[in-house]
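Trainee: Next comes entry.cif, mmCIF, C-alpha atoms:
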data_start
#
loop_
_atom_site.label_atom_id
_atom_site.label_comp_id
_atom_site.auth_asym_id
_atom_site.auth_seq_id
_atom_site.Cartn_x
_atom_site.Cartn_y
_atom_site.Cartn_z
CA MET N 199 0.00 0.00 0.00
CA SER N 200 1.52 3.30 -1.07
CA GLY N 201 -0.20 5.50 1.53
CA ARG N 202 -0.89 9.20 1.21
CA ALA N 203 0.77 10.89 -1.74
CA GLN N 204 1.09 14.52 -2.80
CA LEU N 205 1.95 16.07 -6.15
CA MET N 206 3.49 19.53 -6.06
CA TRP N 207 2.27 21.57 -8.99
CA ASP N 208 1.84 25.22 -9.90
CA GLU N 209 1.36 25.99 -13.59
CA SER N 210 3.69 28.96 -13.17
CA VAL N 211 6.70 26.63 -12.95
CA THR N 212 6.54 26.67 -16.76
CA SER N 213 7.84 30.26 -16.58
CA TYR N 214 11.28 28.70 -15.93
CA ASP N 215 12.12 29.31 -19.57
CA PHE N 216 15.58 29.96 -21.02
CA GLY N 217 14.10 30.88 -24.38
CA SER N 218 13.46 29.47 -27.82
CA GLY N 219 15.87 26.75 -28.89
CA HIS N 220 17.13 25.96 -25.39
CA PRO N 221 16.99 22.23 -24.56
CA MET N 222 15.22 22.87 -21.23
CA ASP N 223 11.86 23.50 -22.88
CA PRO N 224 9.14 24.07 -20.26
CA VAL N 225 6.62 22.35 -22.54
CA ARG N 226 7.95 19.10 -21.05
CA LEU N 227 6.45 20.11 -17.69
CA ALA N 228 3.08 21.13 -19.15
CA LEU N 229 2.82 17.95 -21.21
CA THR N 230 3.66 15.84 -18.18
CA MET N 231 0.90 17.43 -16.13
CA ARG N 232 -1.58 17.06 -18.98
CA LEU N 233 -0.74 13.34 -19.25
CA ILE N 234 -1.15 12.92 -15.49
CA GLU N 235 -4.58 14.56 -15.77
CA ALA N 236 -5.52 12.50 -18.83
CA PHE N 237 -4.97 9.33 -16.81
CA GLY N 238 -6.95 10.77 -13.89
CA LEU N 239 -3.98 10.53 -11.55
CA ASP N 240 -4.59 14.03 -10.22
CA ARG N 241 -7.69 12.55 -8.55
CA LYS N 242 -5.69 9.74 -6.94
CA LEU N 243 -3.48 11.99 -4.83
CA ARG N 244 -3.45 15.49 -3.39
CA VAL N 245 -2.27 18.21 -5.77
CA ALA N 246 -0.78 21.15 -3.87
CA ALA N 247 1.21 24.28 -4.64
CA ALA N 248 3.80 25.58 -2.22
CA ARG N 249 5.00 29.15 -1.92
CA PRO N 250 8.23 30.18 -3.62
CA ALA N 251 11.30 29.62 -1.49
CA GLY N 252 12.17 32.81 0.37
CA ASP N 253 15.65 34.21 0.83
CA SER N 254 16.14 32.57 4.22
CA THR N 255 15.28 29.17 2.74
CA LEU N 256 17.50 29.69 -0.29
CA ARG N 257 20.36 30.56 2.06
CA LEU N 258 20.22 27.02 3.47
CA VAL N 259 22.29 26.13 0.39
CA HIS N 260 23.05 29.27 -1.62
CA ARG N 261 25.28 32.25 -0.81
CA SER N 262 23.59 35.59 -0.15
CA ASP N 263 25.61 37.36 -2.85
CA TYR N 264 24.51 34.80 -5.43
CA ILE N 265 20.82 35.13 -4.49
CA SER N 266 21.16 38.91 -4.77
CA ALA N 267 22.80 38.52 -8.19
CA VAL N 268 19.96 36.32 -9.45
CA GLN N 269 17.41 38.86 -8.23
CA ARG N 270 19.29 41.76 -9.80
CA ILE N 271 19.79 40.06 -13.15
CA SER N 272 16.16 38.90 -13.21
CA ALA N 273 15.15 42.56 -13.21
CA ASP N 274 17.70 43.41 -15.91
CA PRO N 275 18.64 40.29 -17.95
CA GLY N 276 20.80 42.37 -20.25
CA SER N 277 23.23 43.00 -17.39
CA ALA N 278 24.24 39.32 -17.20
CA ASP N 279 27.87 38.92 -18.23
CA GLY N 280 28.60 35.32 -17.33
CA SER N 281 29.51 36.03 -13.73
CA TYR N 282 27.78 33.70 -11.26
CA GLY N 283 27.21 31.39 -14.24
CA LEU N 284 24.38 33.57 -15.54
CA GLY N 285 24.19 34.90 -19.08
CA THR N 286 25.92 31.83 -20.53
CA ALA N 287 24.77 29.48 -23.30
CA ASP N 288 23.68 26.92 -20.70
CA ASP N 289 22.06 29.43 -18.35
CA PRO N 290 20.84 32.48 -20.26
CA ALA N 291 19.35 35.22 -18.11
CA PHE N 292 15.65 35.87 -18.47
CA ALA N 293 13.14 38.24 -16.93
CA GLY N 294 11.53 36.72 -13.84
CA MET N 295 14.31 34.15 -13.47
CA HIS N 296 14.48 34.49 -9.68
CA ALA N 297 10.72 34.11 -9.22
CA ALA N 298 10.50 31.04 -11.46
CA SER N 299 13.54 29.38 -9.89
CA ALA N 300 12.36 30.12 -6.34
CA LEU N 301 8.92 28.71 -7.19
CA ILE N 302 10.41 25.40 -8.33
CA ALA N 303 12.62 25.32 -5.24
CA GLY N 304 9.58 26.02 -3.09
CA GLN N 305 7.77 22.99 -4.48
CA SER N 306 10.64 20.67 -3.50
CA VAL N 307 10.96 22.25 -0.06
CA GLY N 308 7.20 21.93 0.33
CA ALA N 309 7.43 18.27 -0.64
CA ALA N 310 10.07 17.71 2.03
CA GLU N 311 7.97 19.48 4.65
CA ALA N 312 4.88 17.45 3.75
CA VAL N 313 6.74 14.15 4.00
CA TRP N 314 8.58 14.97 7.22
CA GLY N 315 5.48 16.45 8.84
CA GLY N 316 3.34 13.44 8.00
CA GLU N 317 0.95 15.24 5.64
CA ALA N 318 2.11 12.87 2.91
CA LEU N 319 4.06 9.67 2.82
CA HIS N 320 5.33 10.36 -0.69
CA ALA N 321 5.62 13.70 -2.47
CA VAL N 322 6.59 14.36 -6.09
CA ASN N 323 7.88 17.54 -7.73
CA PHE N 324 8.70 16.63 -11.30
CA SER N 325 9.52 20.28 -12.09
CA GLY N 326 12.46 19.98 -9.67
CA GLY N 327 15.66 18.01 -9.66
CA LEU N 328 17.82 20.97 -10.73
CA HIS N 329 20.88 19.28 -9.31
CA HIS N 330 23.76 21.20 -10.94
CA ALA N 331 23.28 24.60 -9.26
CA MET N 332 26.13 25.37 -6.89
CA PRO N 333 26.01 27.43 -3.69
CA GLY N 334 27.43 30.44 -5.52
CA SER N 335 26.63 29.92 -9.20
CA ALA N 336 24.22 28.61 -11.78
CA SER N 337 25.28 25.59 -13.81
CA GLY N 338 23.89 23.15 -16.33
CA PHE N 339 20.42 24.71 -16.81
CA CYS N 340 20.01 25.02 -13.01
CA VAL N 341 19.69 28.30 -11.09
CA TYR N 342 18.66 27.16 -7.59
CA ASN N 343 19.35 23.64 -6.38
CA ASP N 344 15.92 22.52 -5.20
CA ALA N 345 17.12 18.99 -4.45
CA ALA N 346 19.78 20.24 -2.06
CA LEU N 347 17.30 22.69 -0.54
CA ALA N 348 14.80 19.88 0.12
CA ILE N 349 17.52 17.88 1.89
CA ALA N 350 18.66 20.92 3.87
CA ARG N 351 15.07 21.55 4.96
CA LEU N 352 14.72 17.94 6.14
CA LEU N 353 17.87 18.38 8.24
CA GLU N 354 16.56 21.68 9.61
CA LEU N 355 13.33 19.94 10.63
CA GLY N 356 15.23 17.33 12.59
CA ALA N 357 16.20 14.52 10.24
CA GLU N 358 19.49 12.97 11.32
CA ARG N 359 20.13 10.93 8.16
CA VAL N 360 18.91 11.69 4.64
CA ALA N 361 19.78 9.67 1.55
CA TYR N 362 19.77 11.13 -1.95
CA VAL N 363 19.73 8.88 -5.02
CA ASP N 364 20.25 10.53 -8.42
CA VAL N 365 19.71 8.53 -11.63
CA ASP N 366 19.95 11.44 -14.07
CA VAL N 367 22.44 10.78 -16.88
CA HIS N 368 24.53 13.68 -15.56
CA HIS N 369 26.39 13.63 -12.26
CA GLY N 370 24.50 15.21 -9.36
CA ASP N 371 27.42 17.50 -8.67
CA GLY N 372 25.62 20.38 -6.98
CA VAL N 373 23.97 18.17 -4.38
CA GLN N 374 27.23 16.35 -3.73
CA ALA N 375 29.02 19.69 -3.28
CA ALA N 376 26.39 21.00 -0.88
CA PHE N 377 26.82 18.04 1.50
CA TRP N 378 30.42 17.02 0.81
CA ASP N 379 31.43 17.47 4.46
CA ASP N 380 28.12 16.44 6.04
CA PRO N 381 27.99 12.84 7.33
CA ARG N 382 24.21 13.14 7.81
CA VAL N 383 23.64 13.04 4.04
CA LEU N 384 24.42 10.12 1.75
CA THR N 385 24.50 11.17 -1.92
CA ILE N 386 24.48 8.44 -4.58
CA SER N 387 24.73 9.37 -8.25
CA VAL N 388 24.45 6.84 -11.09
CA HIS N 389 25.48 8.63 -14.28
CA GLU N 390 27.36 8.52 -17.56
CA HIS N 391 31.13 8.51 -17.14
CA PRO N 392 32.60 12.02 -16.68
CA SER N 393 35.11 11.44 -19.48
CA THR N 394 32.26 11.63 -21.99
CA LEU N 395 29.68 13.96 -20.45
CA PHE N 396 29.11 17.21 -18.55
CA PRO N 397 29.96 18.13 -15.82
CA GLN N 398 33.09 15.97 -16.01
CA THR N 399 32.80 15.08 -12.32
CA GLY N 400 31.45 12.09 -10.47
CA TRP N 401 34.47 9.79 -10.46
CA PRO N 402 34.27 6.82 -8.06
CA THR N 403 37.17 8.30 -6.09
CA GLU N 404 34.97 11.25 -5.05
CA THR N 405 33.80 9.85 -1.72
CA GLY N 406 33.20 12.76 0.66
CA GLY N 407 35.11 15.24 2.78
CA GLU N 408 36.94 14.81 6.06
CA GLY N 409 34.59 13.34 8.62
CA ALA N 410 32.13 12.33 5.91
CA GLU N 411 34.17 9.69 4.09
CA GLY N 412 32.02 7.29 2.11
CA THR N 413 28.94 9.52 2.04
CA ALA N 414 29.50 10.64 -1.56
CA VAL N 415 28.97 7.72 -3.93
CA ASN N 416 29.49 7.83 -7.68
CA VAL N 417 28.76 5.14 -10.24
CA ALA N 418 30.27 6.27 -13.56
CA LEU N 419 28.84 4.16 -16.39
CA PRO N 420 30.39 3.69 -19.84
CA ALA N 421 28.70 5.50 -22.72
CA GLY N 422 26.29 3.17 -24.46
CA THR N 423 25.14 1.40 -21.29
CA GLY N 424 21.64 -0.01 -21.80
CA ASP N 425 18.90 -1.42 -19.61
CA ALA N 426 20.65 -4.51 -18.32
CA GLY N 427 23.85 -2.71 -17.35
CA TRP N 428 22.07 0.32 -15.90
CA LEU N 429 19.84 -1.82 -13.71
CA ARG N 430 22.74 -4.09 -12.75
CA ALA N 431 24.75 -1.08 -11.58
CA PHE N 432 21.85 0.45 -9.63
CA HIS N 433 21.05 -2.77 -7.78
CA ALA N 434 24.72 -3.55 -7.15
CA VAL N 435 25.23 -0.29 -5.23
CA VAL N 436 22.09 1.47 -4.04
CA PRO N 437 20.15 -1.08 -1.91
CA ASP N 438 23.17 -2.20 0.13
CA LEU N 439 24.23 1.36 0.91
CA LEU N 440 20.74 2.45 1.91
CA ALA N 441 20.44 -0.57 4.19
CA ALA N 442 23.76 0.29 5.84
CA PHE N 443 23.09 4.02 6.12
CA GLY N 444 19.53 3.77 7.49
CA PRO N 445 18.04 7.03 6.18
CA GLN N 446 15.02 8.60 7.82
CA ALA N 447 13.96 10.06 4.47
CA LEU N 448 14.81 9.27 0.86
CA VAL N 449 15.09 11.97 -1.81
CA THR N 450 15.41 10.73 -5.39
CA GLN N 451 16.10 12.52 -8.67
CA HIS N 452 14.68 10.94 -11.83
CA GLY N 453 16.19 12.73 -14.80
CA ALA N 454 14.77 11.11 -17.93
CA ASP N 455 17.87 11.87 -20.02
CA THR N 456 19.28 8.35 -19.64
CA HIS N 457 16.85 7.39 -22.42
CA PHE N 458 18.15 6.19 -25.77
CA GLU N 459 16.24 8.99 -27.55
CA ASP N 460 17.67 11.79 -25.44
CA PRO N 461 19.69 14.18 -27.62
CA LEU N 462 22.22 15.35 -25.01
CA ALA N 463 23.78 12.14 -23.68
CA HIS N 464 24.95 8.69 -24.60
CA LEU N 465 23.23 6.04 -22.50
CA ALA N 466 20.69 3.68 -24.06
CA VAL N 467 18.11 3.15 -21.32
CA SER N 468 14.43 2.52 -22.05
CA LEU N 469 11.35 4.01 -20.49
CA ASP N 470 10.63 0.57 -19.06
CA ALA N 471 13.95 0.45 -17.20
CA GLN N 472 13.36 3.98 -15.89
CA ARG N 473 10.01 2.80 -14.55
CA SER N 474 11.71 -0.21 -12.95
CA VAL N 475 14.09 2.06 -11.03
CA GLN N 476 11.19 4.28 -9.96
CA GLU N 477 9.48 1.21 -8.53
CA ALA N 478 12.72 0.20 -6.83
CA CYS N 479 13.10 3.63 -5.21
CA HIS N 480 9.52 3.43 -3.96
CA ALA N 481 10.19 0.02 -2.43
CA LEU N 482 13.50 1.16 -0.93
CA ALA N 483 11.78 4.15 0.71
CA HIS N 484 9.39 1.76 2.44
CA GLU N 485 12.14 -0.67 3.34
CA HIS N 486 14.65 1.80 4.75
CA ALA N 487 12.98 5.19 5.38
CA ASP N 488 9.53 4.35 6.80
CA GLY N 489 8.09 5.23 3.39
CA ARG N 490 9.23 8.87 3.51
CA TRP N 491 9.94 9.58 -0.15
CA VAL N 492 10.50 12.87 -1.98
CA ALA N 493 10.75 12.22 -5.74
CA LEU N 494 11.98 14.87 -8.16
CA GLY N 495 12.30 15.25 -11.92
CA GLY N 496 15.52 16.48 -13.49
CA GLY N 497 16.98 16.41 -16.97
CA GLY N 498 15.24 15.05 -20.03
CA TYR N 499 15.28 16.67 -23.44
CA ALA N 500 13.13 14.38 -25.54
CA VAL N 501 10.38 16.69 -24.32
CA ALA N 502 7.36 14.98 -25.87
CA GLU N 503 8.56 11.46 -26.62
CA VAL N 504 10.03 10.51 -23.23
CA VAL N 505 9.75 12.98 -20.36
CA PRO N 506 5.95 13.09 -19.90
CA ARG N 507 5.61 9.31 -19.96
CA SER N 508 8.53 8.71 -17.59
CA TRP N 509 7.36 11.20 -14.99
CA THR N 510 3.71 10.15 -15.29
CA HIS N 511 4.85 6.66 -14.32
CA LEU N 512 6.73 8.20 -11.38
CA VAL N 513 3.63 10.03 -10.14
CA ALA N 514 1.46 6.95 -10.63
CA ILE N 515 3.85 4.79 -8.60
CA ALA N 516 3.91 7.36 -5.80
CA ALA N 517 0.11 7.51 -5.85
CA GLY N 518 -0.18 3.74 -5.53
CA GLU N 519 -1.98 3.65 -8.87
CA PRO N 520 0.67 2.41 -11.32
CA VAL N 521 -0.11 2.82 -15.01
CA ASP N 522 0.05 -0.38 -17.03
CA PRO N 523 3.05 0.02 -19.34
CA THR N 524 1.03 -1.48 -22.18
CA ALA N 525 -1.67 1.18 -21.81
CA GLU N 526 -2.28 3.52 -24.71
CA THR N 527 -1.66 7.20 -24.16
CA PRO N 528 -5.02 9.03 -24.06
CA GLU N 529 -6.11 10.46 -27.38
CA GLU N 530 -6.72 13.94 -25.99
CA TRP N 531 -3.13 14.04 -24.76
CA ARG N 532 -1.80 13.02 -28.16
CA HIS N 533 -3.71 15.93 -29.69
CA GLU N 534 -2.20 18.25 -27.05
CA VAL N 535 1.30 17.06 -27.92
CA TYR N 536 0.78 17.74 -31.61
CA ALA N 537 -0.80 21.14 -30.97
CA ARG N 538 2.14 22.26 -28.82
CA THR N 539 5.07 20.65 -30.62
CA ARG N 540 3.91 19.62 -34.11
CA GLN N 541 5.36 16.21 -33.29
CA PRO N 542 3.46 12.93 -33.19
CA ALA N 543 3.00 11.67 -29.65
CA PRO N 544 4.00 8.19 -28.47
CA ARG N 545 1.02 5.88 -28.49
CA ARG N 546 1.87 3.65 -25.54
CA MET N 547 3.32 4.02 -22.06
CA THR N 548 6.13 1.59 -22.88
CA ASP N 549 9.08 1.18 -25.20
CA GLY N 550 8.20 -2.49 -25.41
CA ARG N 551 11.14 -3.67 -23.32
CA GLU N 552 11.20 -6.21 -20.49
CA PRO N 553 13.74 -4.85 -17.96
CA CYS N 554 16.02 -7.49 -16.52
CA TRP N 555 19.52 -7.66 -15.12
CA ARG N 556 22.01 -10.10 -13.64
CA ASP N 557 22.76 -9.72 -9.95
CA PHE N 558 26.30 -8.49 -9.38
CA VAL N 559 26.99 -10.70 -6.36
CA ASP N 560 24.94 -13.83 -7.02
CA ASP N 561 25.83 -14.09 -10.71
CA GLY N 562 29.41 -12.91 -10.33
CA TYR N 563 31.19 -10.25 -12.33
CA ASP N 564 33.53 -10.08 -15.27
CA PRO N 565 36.70 -8.08 -14.47
CA ALA N 566 37.20 -7.45 -18.20
CA ASP N 567 33.73 -5.91 -18.64
CA ARG N 568 33.68 -2.10 -18.55
CA LEU N 569 30.32 -1.95 -16.78
CA ASP N 570 31.47 -4.36 -14.10
CA GLN N 571 34.73 -2.45 -13.73
CA ALA N 572 32.70 0.71 -13.05
CA VAL N 573 30.55 -0.98 -10.44
CA LEU N 574 33.51 -2.60 -8.73
CA ALA N 575 35.40 0.72 -8.62
CA THR N 576 32.49 2.29 -6.73
CA ARG N 577 32.04 -0.61 -4.34
CA ARG N 578 35.76 -0.67 -3.55
CA ALA N 579 35.79 3.09 -2.97
CA VAL N 580 32.86 3.35 -0.53
CA PHE N 581 31.59 0.00 0.70
CA PRO N 582 34.28 -0.48 3.37
CA ALA N 583 33.38 2.89 4.93
CA HIS N 584 29.90 1.43 5.56
CA GLY N 585 31.16 -1.91 6.88
CA LEU N 586 30.34 -3.67 3.61
CA LEU N 587 32.48 -6.01 1.57
CA PRO N 588 33.25 -4.65 -1.89
#
Would you mind writing the file's structure down as structure tokens?
Mentor:
Amino acid sequence: MSGRAQLMWDESVTSYDFGSGHPMDPVRLALTMRLIEAFGLDRKLRVAAARPAGDSTLRLVHRSDYISAVQRISADPGSADGSYGLGTADDPAFAGMHAASALIAGQSVGAAEAVWGGEALHAVNFSGGLHHAMPGSASGFCVYNDAALAIARLLELGAERVAYVDVDVHHGDGVQAAFWDDPRVLTISVHEHPSTLFPQTGWPTETGGEGAEGTAVNVALPAGTGDAGWLRAFHAVVPDLLAAFGPQALVTQHGADTHFEDPLAHLAVSLDAQRSVQEACHALAHEHADGRWVALGGGGYAVAEVVPRSWTHLVAIAAGEPVDPTAETPEEWRHEVYARTRQPAPRRMTDGREPCWRDFVDDGYDPADRLDQAVLATRRAVFPAHGLLP
């Protein structure tokens, strides 16, 4: 039984818009919500909108001078010159940038508050997961780091151990940086190898600062990794570490850009494998965190083909009303996709794959296999710090 679930949504999050031609097209958020509504999932959980994160909340992670810079440049986008990471190709300045970014951050903070306070067992903010933003700069399409802010709010409310699991194709560098020296937070990132993808961090040797050794975990996968390898790596690392760490809340980031159709990366993961990991995170939250689960979106640039379906599955799983992968996408949603994008919409909630993987321990590993080398490098780097055998 999933228990109470909450979906954080305010239509104004679609004002987080870097402009025409930018990969982070806010239509992906609108189309996701329309698909959720088309399946009637908005009636299976509570839909709530939180207030934008205020300055005092933003300062839980971000420097005051950076917040002031975002506010100043939001009022005058033409003044952005690349300082603080704003006004770059990745993070162009736009009018209302602070308000839109703070609103998304507020939804993730609100999700954390609802879960910790018992208003919801699970809470989803698919507009969030902006995991690259640093304490003092924007980075990688991310202005404020809502994932880190949600974790910081959980700690402020009294959580003693919070685990963060990031399965975006890109390394969750901003969240790792925010809690590098904090032994209360375990960050696990499963991503494409930094030698082939932004932000060129997330090596298995990055394991945490002094006094927090082993609390930063990085699984760097070879380009081209598909369903079987991706799932093998996830299950070879994440469950054992969560069991050893014993989090009181689980925050997960579900960037959809691991998909084989995503234009910005090089993994070959299906929608069906993404759904399998979403189900695994749900189960792990119940197994290790008393069900307290904050689930976020993230990257994903196949804005009509992949993102809405992936995150609709995420919301459905959190609501305890999973959508059958073989189900057809509702006709009214397909019309909406074409009207907004002039692209044909996918007709089913599946890529037609059957996700499966070989267990790393029970089935053994191949020391000559690049995927197994990546998994073993991570296990050797961090497992002993948690009393686990690599």
Trainee: Applying 10 Å and only C-alpha atoms, which residues near stretch 566-580 of chain N remain after dropping the ones on its own chain fewer than 4 positions away? List them as number ranges by chain.
Mentor: N: 388, 391, 401-406, 411-421, 423, 427-428, 430-432, 434-435, 439, 558, 562, 584-588
Trainee: Would you translate the PyMOL selection byres ((chain N and resi 521-538) around 7) into the concrete set of residues it matches in this file, as a PDB file with C-alpha atoms, in the coordinates of the input?
Mentor:
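Written file, part-v5.pdb:
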ATOM      1  CA  LEU N 229       2.820  17.950 -21.210  1.00  0.00           C
ATOM      2  CA  ARG N 232      -1.580  17.060 -18.980  1.00  0.00           C
ATOM      3  CA  LEU N 233      -0.740  13.340 -19.250  1.00  0.00           C
ATOM      4  CA  ALA N 236      -5.520  12.500 -18.830  1.00  0.00           C
ATOM      5  CA  ALA N 502       7.360  14.980 -25.870  1.00  0.00           C
ATOM      6  CA  HIS N 511       4.850   6.660 -14.320  1.00  0.00           C
ATOM      7  CA  ALA N 514       1.460   6.950 -10.630  1.00  0.00           C
ATOM      8  CA  GLU N 519      -1.980   3.650  -8.870  1.00  0.00           C
ATOM      9  CA  PRO N 520       0.670   2.410 -11.320  1.00  0.00           C
ATOM     10  CA  THR N 539       5.070  20.650 -30.620  1.00  0.00           C
ATOM     11  CA  ARG N 540       3.910  19.620 -34.110  1.00  0.00           C
ATOM     12  CA  GLN N 541       5.360  16.210 -33.290  1.00  0.00           C
ATOM     13  CA  PRO N 542       3.460  12.930 -33.190  1.00  0.00           C
ATOM     14  CA  ALA N 543       3.000  11.670 -29.650  1.00  0.00           C
ATOM     15  CA  ARG N 545       1.020   5.880 -28.490  1.00  0.00           C
ATOM     16  CA  ARG N 546       1.870   3.650 -25.540  1.00  0.00           C
ATOM     17  CA  MET N 547       3.320   4.020 -22.060  1.00  0.00           C
ATOM     18  CA  THR N 548       6.130   1.590 -22.880  1.00  0.00           C
TER      19      THR N 548
END
Trainee: Mind checking which residues fall within 9 Å of N:Glu317, counting all atoms listed in the file, ignoring those fewer than 4 positions away in the same chain, and posting them as a list of chain:residue names?
Mentor: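 Contacts, in chain order: N:Arg202, N:Ala203, N:Gln204, N:Glu311, N:Ala312, N:Val313.
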Trainee: With distances taken over all atoms listed in the file, which of N:Ala376, N:Ala298, N:Ala478, N:Ala487 is nearest to N:Val360?
Mentor: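 For N:Val360, the nearest of the given residues is N:Ala487.
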Trainee: When you draw a straight line from atom CA of N:Ile271 to atom CA of N:Val341, how long is it in Å?
Mentor: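 Pair atom CA of N:Ile271 / atom CA of N:Val341 returns 11.9 Å.
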Trainee: Please list as an NGL selection string every residue within 10 Å of N:Met206, counting all atoms listed in the file and excluding residues in the same chain fewer than 4 positions away.
Mentor: :N and (244-248 or 302 or 304-309 or 321-326 or 494)
Trainee: I need the residues from that last selection saved to file as a compact mmCIF listing (two decimals), in the coordinates of the input (with C-alpha atoms), if you can.
Mentor:
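See selection_20.txt below for the written result:
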# COMPACT_ATOMS: atom_id res chain seq x y z
CA ARG N 244 -3.45 15.49 -3.39
CA VAL N 245 -2.27 18.21 -5.77
CA ALA N 246 -0.78 21.15 -3.87
CA ALA N 247 1.21 24.28 -4.64
CA ALA N 248 3.80 25.58 -2.22
CA ILE N 302 10.41 25.40 -8.33
CA GLY N 304 9.58 26.02 -3.09
CA GLN N 305 7.77 22.99 -4.48
CA SER N 306 10.64 20.67 -3.50
CA VAL N 307 10.96 22.25 -0.06
CA GLY N 308 7.20 21.93 0.33
CA ALA N 309 7.43 18.27 -0.64
CA ALA N 321 5.62 13.70 -2.47
CA VAL N 322 6.59 14.36 -6.09
CA ASN N 323 7.88 17.54 -7.73
CA PHE N 324 8.70 16.63 -11.30
CA SER N 325 9.52 20.28 -12.09
CA GLY N 326 12.46 19.98 -9.67
CA LEU N 494 11.98 14.87 -8.16
Trainee: Grab the atom CA of N:Leu440 to atom CA of N:Leu482 distance for me, in Å with one decimal place.
Mentor: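 Going from atom CA of N:Leu440 over to atom CA of N:Leu482, I get 7.9 Å.
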Trainee: Atom CA of N:Gly370 and atom CA of N:His329, how far apart in Å?
Mentor: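 Atom CA of N:Gly370 lies at a distance of 5.4 Å from atom CA of N:His329.
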Trainee: Which residue, N:His480, N:Ser393, N:Trp378, N:Ser262, has the smallest gap to N:Gly518 when you use all atoms listed in the file?
Mentor: N:His480
Trainee: Taking only C-alpha atoms into account, name the residue in N:Val513, N:Ala297, N:Ala350, N:Val268 that is nearest to N:Leu239.
Mentor: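 That would be N:Val513, the residue with the smallest distance to N:Leu239.
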Trainee: Return the padded bounding box of stretch 452-455 of chain N as JSON: axis-aligned, built from all atoms listed in the file, 5 Å added on each side, with centre and edge lengths in Å to one decimal.
Mentor:
{"center_x": 16.3, "center_y": 11.8, "center_z": -15.9, "size_x": 13.2, "size_y": 11.8, "size_z": 18.2}
Trainee: For a quick check of understanding, using all atoms listed in the file, which of N:Ala251, N:Ala278, N:Ala348, N:Val367 has the smallest distance to N:His464?
Mentor: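 Checking each candidate against N:His464, we get N:Val367 as the closest.
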